[in-house]
Amino acid sequence: MDRVEAAGLGISVVGHVALLALLSLALVTATNNPVTPAAMEVSFVDEVGLASASPQPSPEPAAQARAPEIGPVEDAAPAPPSPAPPVQRDAVPAPSPIPAPRPPSRVQAPPAPPATAGTGRTTRRPGLGDLDPRAFGRDPASQSNNPPAATMSAQARADIGQAIARQVQPCADRQAVPYGAGQIVTQINLRLNRDGSLAGRPRVIRQLNADGDNARYAQRAADIAIAAFSECSPLRGLPQELYDVPRGWSNFTLNYRLPT
Amino acid sequence: MRLAMIAAAFWGSAAVAQTDPPTVPAPPPAQAQSGDDDQLVVDVTGGRRAALPIAVPYMPTPQAADTAAGNTGALGRQVAEIVSTDLRNSELFAPIGPSGLPNVSFPEVTAPNYGAFAPTGAQHLVQGFVQANGNGSITVGCYVYDVASHTELARQGYVVQPRDWRRAAHRCADTIFARLTGEGGYFDTRVVYVSETGPARRRVKRLAIMDYDGANHRFLTNGQWTVLTPRFAPNQQTITFMTYQDERPRVMVYELDSGRTRPLVTGNYMTFAPRYSPDSRYIIFSMAMNGNTDVYRIPVAGGTPQRLTNSPGIDTGGSYSPDGSRIVFESDRGGTQQIYMMNADGSNQRRISFGGGGYATPVWSPRGDLVAFTKTGGFRIGVMTPDGTGERILTSGGGAEGPSWAPNGRAIMFTRGLSSGQLWYVDVASGATRRVPTPLDGSDPAWSPLRPN
């Protein structure tokens with residue numbers, strides 16, 4: 001090995017060590033910055049708080065996506081000389097056990113959402129904005145993109161549905177079912193009071209799979225559906241603010257299916 | 001138990017739904033029809049196949065009065081006992097009481113104190129009363145309630161002569177059974193069977209009739225001649241059976257009203273295995289003629305037998321479908337005893353049983369959906385559909401034969417014990433069996449239809 005070779009070997013060794021150090025350093029830096037997934041909103045159904053699907057219940061309606069169209073309100077009505085004065089509606093002071101009375105309005109306004117945690121902030125909305133379904137429930141003044149607290153979101157529906165099903169299930173399991181009966185589905189309409197008790201006798205809306213040989217068991221299947229619910233009534237722990245919103249639990253449908 | 005939840009609707013339809021009136025305490029019917037779309041929908045699956053817990057307290061009387069069958073107060077207690085026993089016998093109910101339950105006052109019969117019965121765990125409640133009427137008859141009132149929903153599910157009143165008080169109780173139980181199971185009742189029925197006594201070599205076999213629960217038992221023949229295979233006419237006016245009277249084995253017809261007996265067929269041929277057509281106008285039976293046994297049909301009043309089968313071998317044990325259009329029977333034409341099917345005129349004969357071992361005594365259920373039979377290998381009772389599929393053995397332990405259907409087509413009475421028989425029945429759905437009490441040994445039971453009112 002002459003000097004030139006020795007020098008080359010030395011440079012090579014030094015270069016490799018430097019490269020290794022560089023890579024190791026890069027690795028250390030990388031582990032210091034793990035990829036964090038985007039935060040996901042999770043609702044634990046076991047907790048029957050289910051005030052709403054929104055992680056941060058907001059008393060104000062969601063921010064409006066676009067400006068409401070200004071135009072005639074009713075088909076037959078002549079165009080007003082000037083844009084109609086906006087119907088002023090204050091946010092409902094919350095929490096409120098009953099829906100706030102709505103201001104008189106010729107157009108069908110959306111229900112006043114009873115809020116869970118009122119902040120006292122006032123929201124305003126243009127009266128004609130209600131006519132635009134896209135703008136429904138959305139407030140141009142709002143910066144919040146959280147769903148309003150007291151509307152029945154898909155998640156709230158799932159939560160309340162599970163809460164109801166879980167309370168009815170023990171009574172459903174107790175029902176003695178005719179041996180010969182197939183999987184009849186009985187759809188009953190239930191109207192509840194705010195305290196979770198039945199506001200009226202459950203009403204059978206319709207039955208599925210109750211024809212042919214199953215027909216003889218149809219009446220019994222309806223009995224069982226009503227008895228199962230009645231036995232476990234009143235329901236408890238359902239959120240008051242979602243009582244009488246559209247598709248709230250004041251009035252809902254129970255699909256009762258006999259076991260296989 | 002499965003539990004599921006369906007989201008009512010997706011958000012896109014929600015905005016449209018907002019144009020509906022908010023706060024809907026009582027939706028108009030049109031809205032309810034489309035409940036899936038604009039209402040919260042909850043799915044629940046639940047229930048168990050088990051005996052139904054039902055409370056049957058003693059039945060009060062508005063005013064105690066003596067009748068030919070005893071005091072109405074005592075009758076009220078006995079009626080409740082019978083209703084409770086009937087329901088328990090069916091194996092589909094788990095009655096609670098009458099003893100040990102709170103007393104029910106007469107006004108409470110129609111306004112139940114549900115709270116008093118809730119602790120018993122009963123899901124249903126039977127209440128009733130017994131009242132003496134001015135003309136010597138009695139009225140038995142019968143009510144069934146749902147305890148959880150505080151609802152009256154059914155009510156019936158029966159005005160009967162005091163001697164028929166047990167029938168009123170059975171009919172009350174039938175009403176409850178039908179309302180709560182969806183099946184027809186079968187408690188207000190009778191059974192005709194062969195009562196047996198004495199040593200095997202000199203067995204005395206008498207025709208006997210009783211209520212389905214063994215009450216009101218009486219003998220129809222004196223035992224001088226052996227009798228076999230009695231059958232109730234669907235109209236319950238006659239009974240047909242086979243006897244060895246005068247050493248001539250042949251089919252006889254017994255008239256229940258007059259008590260008279262006459263041979264079904266004139267002539268010297270051996271006749272056996274009779275059974276009525278559903279309209280009670282005909283009897284099909286087997287006749288051995290010139291070394292061949294075939295199934296024949298003849299009017300109940302008598303006449304010329306019409307031959308329905310003609311294959312070599314023994315064709316016997318015919319039984320009509322409920323609509324009278326077809327006949328199921330047994331035959332050994334293929335070498336072993338098997339079940340065959342044919343049209344009522346004898347056409348289109350074909351074998352339907354193909355399982356291992358032999359099959360005998362096919363009986364078409366009154367509902368038409370099943371054929372009961374004796375599986376001769378091991379002597380067990382089973383059912384299959386009329387096309388021969390879905391065979392299911394109902395009894396275990398062997399020694400069972402001769403099924404007879406309850407009028408609801410969901411229970412079968414049969415003989416158990418080949419040498420000294422007992423009467424048993426089995427619930428077809430649950431397979432639960434129970435012995436029918438008889439004063440002596442018994443065999444060949446034939447269940448009557450529901451008795452006419």
# chains A, B, ... in the order shown; residues from 1 in each chain; ligands from 1
$ closest_atom_pairs --of "chain A" --to "chain B" --cutoff "7 Å" --atoms "only C-alpha atoms" --output "Markdown table"
| residue | atom | partner | partner_atom | distance |
| --- | --- | --- | --- | --- |
| A:Gln108 | CA | B:Thr19 | CA | 6.7 |
| A:Pro110 | CA | B:Gln18 | CA | 6.3 |
| A:Pro111 | CA | B:Pro22 | CA | 5.6 |
| A:Pro133 | CA | B:Ala15 | CA | 5.9 |
| A:Phe136 | CA | B:Ala15 | CA | 6.9 |
| A:Ala154 | CA | B:Ala7 | CA | 6.3 |
| A:Arg157 | CA | B:Ala7 | CA | 6.1 |
| A:Ala158 | CA | B:Ala7 | CA | 5.8 |
| A:Gly161 | CA | B:Val42 | CA | 5.2 |
| A:Gln162 | CA | B:Met5 | CA | 6.2 |
| A:Ala165 | CA | B:Val44 | CA | 5.9 |
| A:Gln169 | CA | B:Gly46 | CA | 6.8 |
| A:Ala172 | CA | B:Gly46 | CA | 4.7 |
| A:Asp173 | CA | B:Gly47 | CA | 4.5 |
| A:Arg174 | CA | B:Gly47 | CA | 6.0 |
| A:Gln175 | CA | B:Gly47 | CA | 4.7 |
| A:Ala176 | CA | B:Arg48 | CA | 5.2 |
| A:Val177 | CA | B:Arg49 | CA | 5.3 |
| A:Pro178 | CA | B:Thr181 | CA | 5.3 |
| A:Tyr179 | CA | B:Arg49 | CA | 5.9 |
| A:Gly180 | CA | B:Ala429 | CA | 6.9 |
| A:Arg216 | CA | B:Gly182 | CA | 5.2 |
| A:Tyr217 | CA | B:Gly182 | CA | 4.9 |
| A:Arg220 | CA | B:Leu180 | CA | 6.3 |
| A:Ile226 | CA | B:Ser149 | CA | 6.9 |
| A:Ala227 | CA | B:Ser149 | CA | 5.3 |
| A:Ser230 | CA | B:Ser149 | CA | 5.2 |
| A:Glu231 | CA | B:Ala148 | CA | 4.8 |
| A:Asp244 | CA | B:Thr23 | CA | 5.1 |
| A:Val245 | CA | B:Thr23 | CA | 6.0 |
| A:Pro246 | CA | B:Pro22 | CA | 5.7 |
| A:Arg247 | CA | B:Gln39 | CA | 4.5 |
| A:Gly248 | CA | B:Leu40 | CA | 6.4 |
| A:Trp249 | CA | B:Leu40 | CA | 6.7 |
| A:Ser250 | CA | B:Pro25 | CA | 7.0 |
| A:Asn251 | CA | B:Pro25 | CA | 6.6 |
| A:Phe252 | CA | B:Leu40 | CA | 4.9 |
| A:Thr253 | CA | B:Val41 | CA | 4.7 |
| A:Leu254 | CA | B:Val42 | CA | 4.8 |
| A:Asn255 | CA | B:Asp43 | CA | 4.7 |
| A:Tyr256 | CA | B:Val44 | CA | 5.0 |
| A:Arg257 | CA | B:Thr45 | CA | 4.5 |
| A:Leu258 | CA | B:Gly46 | CA | 5.8 |
| A:Pro259 | CA | B:Gly46 | CA | 5.7 |
$ select_by_dssp --residues "range 146-381 of chain B" --states "strand (DSSP E)" --output "ChimeraX atom specification"
/B:146,151-160,190-197,204-211,218-219,227-232,238-243,250-255,261-263,270-276,282-289,292-299,306-307,315-320,326-331,338-343,350-351,359-364,371-375,380-381
$ atom_distance --atom1 "CA of Val251 in chain B" --atom2 "CA of Phe187 in chain B"
28.8 Å
$ select_by_dssp --residues "range 25-105 of chain B" --states "alpha helix (DSSP H)" --output "number ranges by chain"
B: 29-33, 35-38, 72-89
$ write_last_selection --atoms "N, CA, C and O atoms" --output "tab-separated table (two decimals), in the first residue's frame"
chain	number	residue	atom	x	y	z
B	29	PRO	N	-101.49	11.98	9.29
B	29	PRO	CA	-101.25	10.61	8.85
B	29	PRO	C	-100.29	10.52	7.68
B	29	PRO	O	-99.46	9.63	7.63
B	30	ALA	N	-100.40	11.48	6.78
B	30	ALA	CA	-99.55	11.39	5.59
B	30	ALA	C	-98.08	11.42	5.99
B	30	ALA	O	-97.26	10.72	5.45
B	31	GLN	N	-97.80	12.21	7.00
B	31	GLN	CA	-96.42	12.31	7.43
B	31	GLN	C	-95.98	11.01	8.09
B	31	GLN	O	-94.86	10.56	7.90
B	32	ALA	N	-96.89	10.43	8.86
B	32	ALA	CA	-96.52	9.20	9.54
B	32	ALA	C	-96.22	8.09	8.54
B	32	ALA	O	-95.41	7.22	8.79
B	33	GLN	N	-96.90	8.13	7.42
B	33	GLN	CA	-96.69	7.08	6.43
B	33	GLN	C	-95.25	7.07	5.95
B	33	GLN	O	-94.69	6.03	5.67
B	35	GLY	N	-92.70	7.80	7.64
B	35	GLY	CA	-91.97	8.01	8.88
B	35	GLY	C	-90.47	7.82	8.74
B	35	GLY	O	-89.71	8.42	9.48
B	36	ASP	N	-90.05	7.00	7.80
B	36	ASP	CA	-88.62	6.75	7.67
B	36	ASP	C	-87.86	8.03	7.37
B	36	ASP	O	-86.73	8.19	7.78
B	37	ASP	N	-88.51	8.90	6.64
B	37	ASP	CA	-87.76	10.03	6.12
B	37	ASP	C	-87.72	11.20	7.08
B	37	ASP	O	-86.73	11.89	7.16
B	38	ASP	N	-88.80	11.43	7.79
B	38	ASP	CA	-88.81	12.65	8.57
B	38	ASP	C	-88.98	12.37	10.06
B	38	ASP	O	-89.43	13.22	10.79
B	72	THR	N	-121.55	-20.04	42.80
B	72	THR	CA	-120.78	-19.30	41.79
B	72	THR	C	-119.43	-18.86	42.32
B	72	THR	O	-118.47	-18.73	41.56
B	73	GLY	N	-119.35	-18.65	43.63
B	73	GLY	CA	-118.05	-18.29	44.20
B	73	GLY	C	-117.05	-19.42	44.04
B	73	GLY	O	-115.91	-19.21	43.62
B	74	ALA	N	-117.50	-20.66	44.34
B	74	ALA	CA	-116.62	-21.81	44.17
B	74	ALA	C	-116.31	-22.06	42.70
B	74	ALA	O	-115.18	-22.40	42.33
B	75	LEU	N	-117.30	-21.85	41.84
B	75	LEU	CA	-117.08	-22.06	40.41
B	75	LEU	C	-116.01	-21.10	39.88
B	75	LEU	O	-115.19	-21.48	39.05
B	76	GLY	N	-116.05	-19.86	40.37
B	76	GLY	CA	-115.06	-18.88	39.93
B	76	GLY	C	-113.65	-19.35	40.24
B	76	GLY	O	-112.72	-19.16	39.44
B	77	ARG	N	-113.50	-19.96	41.40
B	77	ARG	CA	-112.17	-20.48	41.75
B	77	ARG	C	-111.80	-21.65	40.85
B	77	ARG	O	-110.67	-21.76	40.36
B	78	GLN	N	-112.78	-22.53	40.59
B	78	GLN	CA	-112.48	-23.72	39.77
B	78	GLN	C	-112.21	-23.35	38.31
B	78	GLN	O	-111.35	-23.95	37.66
B	79	VAL	N	-112.96	-22.38	37.80
B	79	VAL	CA	-112.72	-21.96	36.42
B	79	VAL	C	-111.29	-21.43	36.27
B	79	VAL	O	-110.58	-21.76	35.32
B	80	ALA	N	-110.86	-20.62	37.25
B	80	ALA	CA	-109.50	-20.10	37.18
B	80	ALA	C	-108.48	-21.24	37.23
B	80	ALA	O	-107.46	-21.20	36.53
B	81	GLU	N	-108.76	-22.25	38.06
B	81	GLU	CA	-107.85	-23.40	38.13
B	81	GLU	C	-107.75	-24.10	36.78
B	81	GLU	O	-106.66	-24.47	36.32
B	82	ILE	N	-108.89	-24.28	36.11
B	82	ILE	CA	-108.88	-24.98	34.83
B	82	ILE	C	-108.15	-24.16	33.77
B	82	ILE	O	-107.35	-24.69	32.99
B	83	VAL	N	-108.42	-22.86	33.75
B	83	VAL	CA	-107.74	-22.01	32.76
B	83	VAL	C	-106.24	-22.10	32.96
B	83	VAL	O	-105.45	-22.27	32.02
B	84	SER	N	-105.81	-22.01	34.21
B	84	SER	CA	-104.38	-22.07	34.51
B	84	SER	C	-103.80	-23.42	34.08
B	84	SER	O	-102.72	-23.49	33.48
B	85	THR	N	-104.53	-24.50	34.38
B	85	THR	CA	-104.05	-25.84	34.03
B	85	THR	C	-103.99	-26.03	32.51
B	85	THR	O	-103.02	-26.58	31.97
B	86	ASP	N	-105.03	-25.57	31.82
B	86	ASP	CA	-105.03	-25.67	30.35
B	86	ASP	C	-103.79	-25.00	29.76
B	86	ASP	O	-103.10	-25.57	28.91
B	87	LEU	N	-103.54	-23.78	30.22
B	87	LEU	CA	-102.43	-23.03	29.65
B	87	LEU	C	-101.11	-23.72	29.98
B	87	LEU	O	-100.20	-23.80	29.14
B	88	ARG	N	-101.02	-24.24	31.20
B	88	ARG	CA	-99.78	-24.95	31.56
B	88	ARG	C	-99.62	-26.21	30.72
B	88	ARG	O	-98.53	-26.52	30.25
B	89	ASN	N	-100.73	-26.93	30.52
B	89	ASN	CA	-100.67	-28.17	29.73
B	89	ASN	C	-100.12	-27.93	28.32
B	89	ASN	O	-99.49	-28.79	27.74
$ atom_distance --atom1 "CA of Ile96 in chain B" --atom2 "CA of Ala116 in chain B"
13.0 Å
$ residues_around --residues "Pro202 in chain A" --least-positions-apart "2" --cutoff "9 Å" --atoms "only C-alpha atoms" --output "list in words"
Ile188, Asn189, Leu190, Arg191, Leu198, Ala199, Gly200, Val204, Ile226, Phe229 and Ser230 of chain A
$ write_last_selection --atoms "N, CA, C and O atoms" --output "compact mmCIF listing (two decimals), in the first residue's frame"
# COMPACT_ATOMS: atom_id res chain seq x y z
N ILE A 188 -93.89 0.96 14.87
CA ILE A 188 -94.85 1.68 15.71
C ILE A 188 -94.39 3.12 15.89
O ILE A 188 -93.21 3.42 15.92
N ASN A 189 -95.40 4.00 15.96
CA ASN A 189 -95.14 5.41 16.20
C ASN A 189 -95.28 5.68 17.69
O ASN A 189 -96.24 5.25 18.33
N LEU A 190 -94.28 6.37 18.24
CA LEU A 190 -94.27 6.63 19.67
C LEU A 190 -94.20 8.13 19.91
O LEU A 190 -93.38 8.82 19.30
N ARG A 191 -95.05 8.62 20.77
CA ARG A 191 -95.02 10.02 21.15
C ARG A 191 -94.73 10.09 22.64
O ARG A 191 -95.40 9.46 23.44
N LEU A 198 -94.70 7.90 27.99
CA LEU A 198 -95.51 7.85 26.79
C LEU A 198 -96.59 8.93 26.83
O LEU A 198 -97.29 9.07 27.83
N ALA A 199 -96.71 9.67 25.74
CA ALA A 199 -97.73 10.71 25.67
C ALA A 199 -99.03 10.18 25.10
O ALA A 199 -100.04 10.85 25.12
N GLY A 200 -99.01 9.00 24.59
CA GLY A 200 -100.21 8.41 24.03
C GLY A 200 -99.96 6.95 23.74
O GLY A 200 -98.82 6.48 23.84
N VAL A 204 -99.51 1.35 15.73
CA VAL A 204 -98.85 0.55 14.71
C VAL A 204 -98.99 1.25 13.36
O VAL A 204 -100.10 1.56 12.93
N ILE A 226 -95.34 -3.17 21.28
CA ILE A 226 -95.89 -2.16 22.19
C ILE A 226 -95.56 -2.50 23.64
O ILE A 226 -95.18 -1.63 24.42
N PHE A 229 -91.87 -1.76 24.58
CA PHE A 229 -91.59 -0.35 24.82
C PHE A 229 -92.26 0.13 26.10
O PHE A 229 -91.65 0.83 26.91
N SER A 230 -93.51 -0.26 26.29
CA SER A 230 -94.24 0.21 27.47
C SER A 230 -93.56 -0.25 28.75
O SER A 230 -93.48 0.48 29.73
$ closest_residue --among "B:Pro445, B:Gly377, B:Pro60, B:Pro452" --to "Arg231 in chain B" --atoms "only C-alpha atoms"
B:Pro445
$ atom_distance --atom1 "CA of Arg451 in chain B" --atom2 "CA of Asp188 in chain B"
6.1 Å
$ closest_residue --among "B:Gln224, B:Asn408, B:Ser331, B:Thr271" --to "Arg203 in chain B" --atoms "only C-alpha atoms"
B:Gln224
